[in-house]
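The structure appears below as structure tokens.
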Amino acid sequence: MLIAALAVPFHKGALGIPTDVERLGLIPAMGLALANAVTDELFLRLFVFTAALAIAVRFLSRGRTDRTWAVWLAIGVATLADLLLHWPDMVALGLPGFSTVIAYALARMAIPAVLFGYIYWRRGLGTAVAAHAAAGAAVGLLAL
């Protein structure tokens, strides 16, 4: 709900960006939220996060026993990949000014990406997909 609450001002504030529910209808928007959750989590967490973690542990650990830093590095790499992947979509929204695009990127992409990365690390892929899908659905429903 916190992730959805971060997004509501962009949809119900002065910007008035339409949600997927407003654009597509309830059922298609919920399907899109689930599809986005599955594809994003598979690509960004299962592949990008896991590859970054494996590379960090293998080549950058150099005798360190605590590998928490490698997890946070992998979360950072997956978050950066998420931002790069969705940057064209954010710019295409026609947000007024670069600072608004940055605020939207933080609220809608970076903060959720860090949270989903942490959830993936602690609870696994299924939980990360469920959290991502729930957040996507909540954005559409809260902004109605």
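Each chain in the structure tokens gets a letter, A, B and so on, in the order shown; residues start at 1 in every chain, and ligands are counted from 1 in the order they appear.
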
| message | Need to verify the contact set: segment 94-107 of chain A, 7 Å, only C-alpha atoms, exclusion of same-chain residues closer than 4 positions in sequence. Can you return it as JSON, numbers by chain? | response | {"A": [6, 7, 90, 111]}

With N, CA and C atoms retained, write the just-selected residues as a PDB file, in the first residue's frame.
ATOM      1  N   LEU A   6       2.672   6.228  -2.777  1.00  0.00           N
ATOM      2  CA  LEU A   6       3.670   7.109  -3.394  1.00  0.00           C
ATOM      3  C   LEU A   6       3.255   7.547  -4.796  1.00  0.00           C
ATOM      4  N   ALA A   7       2.498   6.705  -5.483  1.00  0.00           N
ATOM      5  CA  ALA A   7       2.120   6.982  -6.868  1.00  0.00           C
ATOM      6  C   ALA A   7       0.853   7.809  -6.999  1.00  0.00           C
ATOM      7  N   MET A  90       8.620   6.658 -19.022  1.00  0.00           N
ATOM      8  CA  MET A  90       8.431   7.794 -18.129  1.00  0.00           C
ATOM      9  C   MET A  90       8.529   9.112 -18.886  1.00  0.00           C
ATOM     10  N   ILE A 111      12.228   3.480  -5.778  1.00  0.00           N
ATOM     11  CA  ILE A 111      11.874   3.011  -4.435  1.00  0.00           C
ATOM     12  C   ILE A 111      11.219   1.627  -4.492  1.00  0.00           C
TER      13      ILE A 111
END

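Separating atom CA of Leu85 of chain A from atom CA of Arg45 of chain A is a distance of 13.2 Å.
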
| Picked from chain A by DSSP as alpha helix (DSSP H), as a PyMOL selection string | chain A and resi 2-12+20-24+26-40+50-60+68-92+98-105+111-123+125-142

| task | Check the smallest atom-to-atom distance from each of A:Leu15, A:Ala4, A:Leu60, A:Ala133 to Leu32 of chain A using only C-alpha atoms, then report the winner. | result | A:Ala133

| query | Val48 of chain A: which residues within 12 Å, counting only C-alpha atoms, same-chain residues fewer than 3 positions away excluded, as JSON, numbers by chain? | reply | {"A": [40, 41, 42, 43, 44, 45, 51, 52, 53, 54, 55, 71, 73, 74, 75, 76, 77, 78, 79, 80, 81, 82, 85, 117, 120]}

| request: Name the residues in contact with Arg23 of chain A at a cut-off of 12 Å, using only C-alpha atoms, excluding same-chain residues fewer than 6 positions from it; report them as a list in words. | output: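 Non-adjacent residues within range: His11, Ile17, Ala29, Met30, Leu32, Gly140 and Leu144 of chain A.
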
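For the set A:Leu142, A:Pro18, A:Pro88, A:Thr68, the residue with the smallest atom-to-atom gap to Arg122 of chain A is A:Thr68, counting only C-alpha atoms.
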